[in-house]
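Shown here: entry02.tsv, TSV, C-alpha atoms.
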chain	number	residue	atom	x	y	z
S	1	MET	CA	-10.58	20.89	3.33
S	2	ALA	CA	-13.57	19.21	4.97
S	3	ALA	CA	-13.52	18.87	8.73
S	4	THR	CA	-12.62	15.55	10.34
S	5	PRO	CA	-15.79	13.69	11.43
S	6	ARG	CA	-16.33	13.71	15.18
S	7	TYR	CA	-16.17	10.37	16.97
S	8	ALA	CA	-19.25	11.20	19.05
S	9	GLU	CA	-21.31	11.72	15.90
S	10	VAL	CA	-20.28	8.59	13.99
S	11	THR	CA	-22.29	5.38	14.20
S	12	VAL	CA	-21.70	1.78	13.15
S	13	GLY	CA	-23.08	1.28	9.65
S	14	GLN	CA	-22.33	4.81	8.55
S	15	GLN	CA	-21.25	4.95	4.90
S	16	LEU	CA	-18.22	6.86	3.70
S	17	PRO	CA	-18.67	8.93	0.53
S	18	GLU	CA	-18.33	6.68	-2.51
S	19	LEU	CA	-15.31	7.17	-4.72
S	20	VAL	CA	-15.22	6.42	-8.46
S	21	LEU	CA	-11.78	6.54	-10.06
S	22	ARG	CA	-10.28	5.74	-13.45
S	23	VAL	CA	-7.00	3.95	-13.93
S	24	ARG	CA	-5.40	4.36	-17.36
S	25	ARG	CA	-2.16	3.03	-18.78
S	26	VAL	CA	-0.45	6.37	-18.18
S	27	ASP	CA	-1.36	6.12	-14.50
S	28	LEU	CA	0.40	2.75	-14.29
S	29	VAL	CA	3.53	4.20	-15.89
S	30	ARG	CA	3.48	7.15	-13.51
S	31	TYR	CA	2.97	4.88	-10.48
S	32	ALA	CA	5.77	2.56	-11.64
S	33	GLY	CA	8.12	5.53	-11.67
S	34	ALA	CA	7.01	6.93	-8.33
S	35	SER	CA	7.01	3.60	-6.46
S	36	GLY	CA	9.97	1.97	-8.16
S	37	ASP	CA	7.89	-1.10	-9.11
S	38	PHE	CA	8.77	-1.70	-12.76
S	39	ASN	CA	7.35	-5.22	-13.03
S	40	PRO	CA	6.51	-5.40	-16.76
S	41	ILE	CA	3.08	-6.97	-16.16
S	42	HIS	CA	2.02	-3.43	-15.22
S	43	TRP	CA	3.05	-1.79	-18.51
S	44	ASN	CA	3.89	-4.44	-21.12
S	45	GLN	CA	0.94	-6.29	-22.65
S	46	ARG	CA	3.18	-8.90	-24.31
S	47	VAL	CA	4.74	-9.91	-20.98
S	48	ALA	CA	1.40	-9.79	-19.15
S	49	GLN	CA	-0.20	-12.18	-21.65
S	50	GLN	CA	2.83	-14.46	-21.62
S	51	VAL	CA	2.26	-15.09	-17.92
S	52	GLY	CA	-1.44	-15.78	-18.47
S	53	LEU	CA	-2.98	-12.42	-17.61
S	54	PRO	CA	-5.79	-11.05	-19.80
S	55	ASP	CA	-4.05	-7.70	-20.18
S	56	VAL	CA	-1.72	-5.32	-18.39
S	57	ILE	CA	-2.91	-5.13	-14.77
S	58	ALA	CA	-2.72	-2.33	-12.23
S	59	HIS	CA	-0.18	-2.61	-9.40
S	60	GLY	CA	-1.99	-4.09	-6.39
S	61	MET	CA	-0.32	-1.40	-4.32
S	62	LEU	CA	-1.78	1.28	-6.60
S	63	THR	CA	-5.26	-0.16	-6.09
S	64	MET	CA	-4.56	-0.18	-2.35
S	65	ALA	CA	-3.43	3.46	-2.49
S	66	LEU	CA	-6.47	4.52	-4.52
S	67	ALA	CA	-8.84	2.78	-2.10
S	68	ALA	CA	-7.11	4.52	0.83
S	69	ARG	CA	-8.33	7.78	-0.57
S	70	ALA	CA	-11.85	6.91	0.58
S	71	LEU	CA	-10.36	7.00	4.10
S	72	THR	CA	-8.13	10.04	3.76
S	73	ASP	CA	-10.81	12.12	2.01
S	74	TRP	CA	-13.20	11.24	4.82
S	75	VAL	CA	-10.90	12.11	7.73
S	76	SER	CA	-9.13	14.96	5.82
S	77	ASP	CA	-5.86	14.35	7.62
S	78	PRO	CA	-4.08	11.20	6.32
S	79	GLY	CA	-2.10	11.14	9.59
S	80	ARG	CA	-5.29	9.80	11.16
S	81	VAL	CA	-5.04	6.50	9.27
S	82	LEU	CA	-3.35	4.32	11.89
S	83	ASP	CA	-3.69	0.85	10.40
S	84	TYR	CA	-4.63	-0.19	6.88
S	85	GLY	CA	-4.54	-3.66	5.39
S	86	VAL	CA	-5.90	-5.42	2.32
S	87	ARG	CA	-5.88	-8.76	0.56
S	88	PHE	CA	-5.37	-8.70	-3.21
S	89	THR	CA	-8.16	-10.92	-4.51
S	90	ARG	CA	-8.56	-10.07	-8.21
S	91	PRO	CA	-6.41	-8.22	-10.73
S	92	VAL	CA	-7.50	-4.90	-12.26
S	93	PRO	CA	-6.93	-5.22	-16.03
S	94	VAL	CA	-6.22	-1.86	-17.64
S	95	PRO	CA	-7.10	-1.77	-21.37
S	96	ASP	CA	-5.02	0.15	-23.88
S	97	ASP	CA	-7.58	2.89	-24.49
S	98	ASP	CA	-8.31	6.38	-23.22
S	99	SER	CA	-10.83	5.46	-20.53
S	100	GLY	CA	-8.92	2.65	-18.79
S	101	ALA	CA	-10.46	0.72	-15.90
S	102	GLN	CA	-13.03	2.05	-13.47
S	103	LEU	CA	-12.55	1.46	-9.78
S	104	ARG	CA	-15.41	1.98	-7.34
S	105	VAL	CA	-14.60	2.28	-3.63
S	106	THR	CA	-17.12	2.26	-0.81
S	107	GLY	CA	-16.60	2.18	2.93
S	108	VAL	CA	-18.62	1.59	6.04
S	109	VAL	CA	-17.89	2.09	9.73
S	110	SER	CA	-17.90	-1.41	11.21
S	111	GLU	CA	-16.84	-0.86	14.81
S	112	LEU	CA	-16.30	1.91	17.34
S	113	LEU	CA	-12.94	1.47	19.07
S	114	GLU	CA	-11.25	3.06	22.06
S	115	GLY	CA	-9.24	6.25	21.84
S	116	GLY	CA	-11.56	8.01	19.41
S	117	CYS	CA	-10.88	5.42	16.72
S	118	VAL	CA	-13.21	3.52	14.41
S	119	ARG	CA	-12.75	0.54	12.15
S	120	VAL	CA	-13.75	0.98	8.52
S	121	GLU	CA	-14.39	-1.82	6.03
S	122	LEU	CA	-13.66	-0.90	2.42
S	123	THR	CA	-14.98	-2.49	-0.76
S	124	ALA	CA	-13.20	-1.91	-4.06
S	125	THR	CA	-14.75	-3.20	-7.27
S	126	CYS	CA	-13.75	-3.14	-10.92
S	127	GLY	CA	-16.85	-3.98	-12.94
S	128	GLU	CA	-18.41	-6.88	-11.04
S	129	ALA	CA	-15.10	-8.10	-9.58
S	130	LYS	CA	-14.20	-7.43	-5.98
S	131	VAL	CA	-10.52	-6.59	-6.29
S	132	LEU	CA	-9.67	-6.23	-2.59
S	133	GLY	CA	-10.66	-8.51	0.26
S	134	ALA	CA	-10.50	-7.97	4.00
S	135	ALA	CA	-9.79	-4.31	3.27
S	136	ARG	CA	-10.01	-2.60	6.62
S	137	ALA	CA	-8.54	0.35	8.42
S	138	THR	CA	-8.39	1.94	11.82
S	139	VAL	CA	-8.77	5.70	11.72
S	140	ARG	CA	-8.72	8.23	14.55
S	141	LEU	CA	-11.58	10.73	14.41
S	142	GLY	CA	-11.91	14.19	15.87
Q	1	MET	CA	11.68	-25.26	-5.37
Q	2	PRO	CA	10.01	-25.09	-1.96
Q	3	LEU	CA	11.07	-22.38	0.47
Q	4	ASP	CA	13.42	-23.31	3.27
Q	5	PRO	CA	11.22	-23.44	6.42
Q	6	SER	CA	14.23	-22.85	8.69
Q	7	TYR	CA	14.10	-19.21	7.56
Q	8	VAL	CA	11.12	-18.48	9.83
Q	9	GLY	CA	12.36	-15.91	12.32
Q	10	HIS	CA	15.27	-14.94	10.10
Q	11	SER	CA	16.04	-11.23	10.05
Q	12	TYR	CA	17.86	-9.36	7.29
Q	13	PRO	CA	20.27	-6.44	7.67
Q	14	PRO	CA	18.70	-2.95	7.55
Q	15	SER	CA	17.92	-1.34	4.20
Q	16	ARG	CA	20.02	1.61	3.22
Q	17	PRO	CA	18.72	4.86	4.74
Q	18	PHE	CA	15.92	6.39	2.69
Q	19	GLN	CA	15.62	10.16	2.81
Q	20	VAL	CA	12.01	11.31	2.56
Q	21	CYS	CA	11.70	14.68	0.85
Q	22	ARG	CA	8.85	16.96	-0.21
Q	23	GLU	CA	9.41	16.27	-3.89
Q	24	LYS	CA	9.27	12.47	-3.47
Q	25	ILE	CA	6.04	12.80	-1.49
Q	26	ARG	CA	4.64	15.10	-4.19
Q	27	GLU	CA	5.67	12.63	-6.89
Q	28	PHE	CA	3.99	9.72	-5.07
Q	29	ALA	CA	0.82	11.68	-4.27
Q	30	THR	CA	0.57	12.76	-7.91
Q	31	ALA	CA	1.02	9.16	-9.04
Q	32	ILE	CA	-1.92	8.03	-6.91
Q	33	GLY	CA	-3.95	11.00	-8.17
Q	34	ASP	CA	-4.36	12.57	-4.75
Q	35	ASP	CA	-4.15	16.34	-4.47
Q	36	ASN	CA	-4.75	16.49	-0.71
Q	37	PRO	CA	-2.87	19.70	0.27
Q	38	VAL	CA	-1.21	18.03	3.27
Q	39	TYR	CA	0.88	16.03	0.78
Q	40	LEU	CA	1.85	19.09	-1.24
Q	41	ASP	CA	1.81	22.22	0.87
Q	42	PRO	CA	3.87	22.49	4.08
Q	43	GLN	CA	1.62	25.30	5.31
Q	44	ALA	CA	-1.52	23.15	4.92
Q	45	ALA	CA	0.24	20.35	6.83
Q	46	ARG	CA	1.24	22.75	9.62
Q	47	THR	CA	-2.34	23.94	9.92
Q	48	LEU	CA	-3.21	20.36	10.97
Q	49	GLY	CA	-0.37	20.31	13.49
Q	50	HIS	CA	2.21	18.46	11.38
Q	51	PRO	CA	5.80	19.71	11.13
Q	52	ASP	CA	5.93	19.29	7.33
Q	53	VAL	CA	4.10	17.55	4.49
Q	54	LEU	CA	3.30	13.94	5.29
Q	55	ALA	CA	3.51	10.83	3.17
Q	56	PRO	CA	0.39	8.96	1.96
Q	57	PRO	CA	-0.53	5.78	3.92
Q	58	THR	CA	1.05	3.38	1.41
Q	59	PHE	CA	4.13	5.50	0.62
Q	60	LEU	CA	6.56	3.18	2.42
Q	61	THR	CA	6.09	0.61	-0.33
Q	62	VAL	CA	8.98	2.45	-1.99
Q	63	LEU	CA	11.31	0.74	0.52
Q	64	SER	CA	10.58	-2.59	-1.23
Q	65	PHE	CA	12.08	-1.32	-4.49
Q	66	LEU	CA	15.36	0.22	-3.38
Q	67	GLY	CA	17.21	-2.58	-5.10
Q	68	ASP	CA	18.46	-4.19	-1.93
Q	69	ASP	CA	15.43	-6.31	-1.08
Q	70	THR	CA	17.13	-9.31	0.41
Q	71	VAL	CA	13.94	-11.40	0.64
Q	72	ILE	CA	13.69	-11.41	-3.15
Q	73	SER	CA	17.38	-11.91	-3.84
Q	74	ASP	CA	18.37	-14.34	-1.05
Q	75	PRO	CA	19.36	-17.63	-2.76
Q	76	GLY	CA	19.17	-19.48	0.58
Q	77	LEU	CA	15.48	-18.68	1.03
Q	78	GLY	CA	14.80	-19.77	-2.55
Q	79	LEU	CA	12.00	-17.44	-3.55
Q	80	ASP	CA	11.37	-17.56	-7.32
Q	81	TYR	CA	10.31	-13.95	-7.87
Q	82	SER	CA	8.94	-14.59	-11.36
Q	83	ARG	CA	6.23	-16.72	-9.70
Q	84	VAL	CA	5.44	-14.33	-6.88
Q	85	VAL	CA	2.18	-12.46	-6.51
Q	86	HIS	CA	1.35	-10.08	-3.71
Q	87	GLY	CA	-1.22	-11.71	-1.45
Q	88	GLU	CA	-1.75	-9.25	1.38
Q	89	GLN	CA	-0.34	-5.99	2.61
Q	90	ARG	CA	-0.80	-4.05	5.81
Q	91	PHE	CA	0.62	-0.76	7.07
Q	92	LEU	CA	0.56	-0.22	10.81
Q	93	SER	CA	1.50	3.36	11.55
Q	94	HIS	CA	3.33	4.36	14.73
Q	95	ARG	CA	3.53	7.98	13.70
Q	96	PRO	CA	3.10	9.90	10.42
Q	97	LEU	CA	6.03	9.91	8.03
Q	98	TYR	CA	7.21	13.41	7.19
Q	99	ALA	CA	9.41	15.14	4.64
Q	100	GLY	CA	12.76	15.44	6.36
Q	101	ASP	CA	12.67	11.97	7.92
Q	102	THR	CA	15.35	9.47	7.02
Q	103	VAL	CA	14.17	5.91	7.57
Q	104	VAL	CA	15.51	2.37	7.44
Q	105	GLY	CA	13.57	-0.88	7.17
Q	106	VAL	CA	14.48	-4.15	8.86
Q	107	THR	CA	12.72	-7.13	7.31
Q	108	SER	CA	12.22	-10.50	8.90
Q	109	ILE	CA	10.43	-13.69	7.89
Q	110	ASP	CA	7.33	-14.25	10.04
Q	111	GLY	CA	6.04	-17.40	8.42
Q	112	ILE	CA	6.39	-19.92	5.63
Q	113	ARG	CA	3.61	-22.31	4.79
Q	114	ALA	CA	2.37	-24.33	1.85
Q	115	ALA	CA	-1.23	-24.20	0.65
Q	116	GLY	CA	-2.68	-25.57	-2.56
Q	117	GLY	CA	0.75	-26.16	-4.10
Q	118	ASN	CA	1.80	-22.57	-3.39
Q	119	ASP	CA	4.42	-21.35	-0.96
Q	120	ILE	CA	3.13	-18.53	1.21
Q	121	LEU	CA	5.69	-16.24	2.77
Q	122	SER	CA	4.84	-13.70	5.45
Q	123	THR	CA	7.25	-10.88	6.08
Q	124	ARG	CA	7.38	-8.03	8.53
Q	125	THR	CA	9.35	-4.83	8.04
Q	126	GLU	CA	9.99	-2.55	10.97
Q	127	VAL	CA	10.54	0.97	9.69
Q	128	SER	CA	12.17	3.51	11.96
Q	129	THR	CA	14.02	6.77	11.61
Q	130	VAL	CA	17.80	6.63	11.63
Q	131	GLU	CA	17.50	8.15	15.11
Q	132	GLY	CA	15.64	4.97	16.18
Q	133	GLU	CA	12.07	6.26	16.41
Q	134	PRO	CA	9.51	3.66	15.21
Q	135	VAL	CA	7.50	4.92	12.21
Q	136	ALA	CA	5.58	1.93	10.87
Q	137	THR	CA	5.39	-1.83	10.71
Q	138	LEU	CA	4.71	-3.31	7.27
Q	139	PHE	CA	3.25	-6.80	6.93
Q	140	ALA	CA	3.31	-8.50	3.53
Q	141	THR	CA	2.22	-11.89	2.32
Q	142	LEU	CA	3.84	-13.11	-0.87
Q	143	VAL	CA	2.48	-16.12	-2.73
Q	144	ALA	CA	4.90	-18.12	-4.88
Q	145	ARG	CA	2.65	-20.01	-7.26
Q	146	GLY	CA	3.27	-23.72	-7.68
Q	147	THR	CA	6.57	-23.89	-5.84
Q	148	ALA	CA	5.62	-25.88	-2.72
Q	149	ALA	CA	6.96	-29.38	-2.20
Q	150	GLY	CA	4.85	-31.92	-4.13
Q	151	ALA	CA	3.22	-29.20	-6.26
Would you mind writing the structure in this file as structure tokens?
Amino acid sequence: MAATPRYAEVTVGQQLPELVLRVRRVDLVRYAGASGDFNPIHWNQRVAQQVGLPDVIAHGMLTMALAARALTDWVSDPGRVLDYGVRFTRPVPVPDDDSGAQLRVTGVVSELLEGGCVRVELTATCGEAKVLGAARATVRLG
Amino acid sequence: MPLDPSYVGHSYPPSRPFQVCREKIREFATAIGDDNPVYLDPQAARTLGHPDVLAPPTFLTVLSFLGDDTVISDPGLGLDYSRVVHGEQRFLSHRPLYAGDTVVGVTSIDGIRAAGGNDILSTRTEVSTVEGEPVATLFATLVARGTAAGA
């Protein structure tokens, strides 16, 4: 496990390591089971298209969880994520193939806070679409 | 049907107690593709000073799907769940959630407003252990598309 970054050594504008993840249909089924969210728009193409979606879409909360990994990988200890919020701006359509959708997550330190904490702004994109807005977190560093 | 604005400030009874165990945390961590050892290995968690494996930051979303979500099923509030999309979500942690904790959530309505023909509902869920220790506050914004008055 990598060491937690030290507050004294972190500066505003510092980039977190970029994360590139794939979301396939099987991941949506697994997340539905683990979270208890069985909304059919996340696994049934017929229902998704009936309600005007282009395809089955990923759970917003799964996208939020995947983006959080940029934070937890950076600080090593997920217990250091004190506050994490997002706005769901665009759906993540997940095609019925073996490669699924690609999610790219970047993060930047936007503010140094008291108590050894920093604010991080996250960006999550699927293709050209920004799928999360106002995605920010407060994390406590070492 | 528009939402009943008199529900702002309304609080629902606590959820049933939810027992957090190592296997549920493992299942959730696997589902989000995260193999961080602090989710899976009690010894790795203890090395970081935690008493047991801890839950990922968004784990408490499971409380929304226990089948007793009164916000969704309350006929008085009038939320048409088939039209609802998740607008925003925030997890404010008061302390890490660990395997071995048993938690309850108390949800209240923070706000109801109409914008662009949609009803926008803000909720807050205070999650604490059954012993009364605060664990997290969850803020959610739900958007009911095309249900506002005059839409």
Legend entry - Non-local contacts of S:Trp74 (9 Å; all atoms listed in the file; under 2 positions in same chain excluded) as a PyMOL selection string: chain S and resi 2-5+16-17+69-72+76-77
Selection above as a file: C-alpha atoms, as a JSON list (two decimals), in the coordinates of the input:
[["chain", "number", "residue", "atom", "x", "y", "z"],
["S", 2, "ALA", "CA", -13.57, 19.21, 4.97],
["S", 3, "ALA", "CA", -13.52, 18.87, 8.73],
["S", 4, "THR", "CA", -12.62, 15.55, 10.34],
["S", 5, "PRO", "CA", -15.79, 13.69, 11.43],
["S", 16, "LEU", "CA", -18.22, 6.86, 3.70],
["S", 17, "PRO", "CA", -18.67, 8.93, 0.53],
["S", 69, "ARG", "CA", -8.33, 7.78, -0.57],
["S", 70, "ALA", "CA", -11.85, 6.91, 0.58],
["S", 71, "LEU", "CA", -10.36, 7.00, 4.10],
["S", 72, "THR", "CA", -8.13, 10.04, 3.76],
["S", 76, "SER", "CA", -9.13, 14.96, 5.82],
["S", 77, "ASP", "CA", -5.86, 14.35, 7.62]]
Inset, instruction - For chain S, list the residues within 7 Å of chain Q, counting all atoms listed in the file, and write the list as an MDAnalysis selection string. - result: chainID S and resid 27 30:31 34:37 62 65:66 78:79 82:88
Legend entry - Contacts of stretch 90-99 of chain S within 6 Å, all atoms listed in the file, excl. fewer than 4 positions in-chain, as JSON, numbers by chain: {"S": [55, 56, 57, 58, 131]}
Inset, instruction - Please indicate the distance in Å from atom CA of Q:Asp41 to atom CA of S:Arg140, rounded to one decimal place. - result: 22.2 Å
Legend entry - stretch 13-22 of chain Q environment, 8 Å, all atoms listed in the file, sequence neighbours closer than 5 positions dropped, as a PyMOL selection string: chain Q and resi 40+53+63+68-69+98-107+130
Inset, instruction - Please identify all polymer residues within 12 Å of Q:Ser6, counting all atoms listed in the file, omitting same-chain residues fewer than 5 positions from it, and present them as number ranges by chain. - result: Q: 11, 76-78, 109-113
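If you look at atom CA of S:Ala129 and atom CA of S:Val51, they are 20.5 Å away from each other.
Going from atom CA of Q:Ala114 to atom CA of Q:Asp4 covers 11.2 Å.
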Inset, instruction - Considering all atoms listed in the file, state which residue in the set S:Asp73, S:Arg80, S:Val105, S:Tyr7 is at the smallest distance from Q:Asp35. - result: S:Asp73
Legend entry - S:Ala124, S:Val108, S:Val20, S:Ala101 ranked by distance to S:Met64, top pick (using only C-alpha atoms): S:Ala124
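Counting all atoms listed in the file and comparing Q:Val127, Q:Tyr81, Q:Leu121, Q:Ala144, the residue that lies closest to S:Asn39 is Q:Tyr81.
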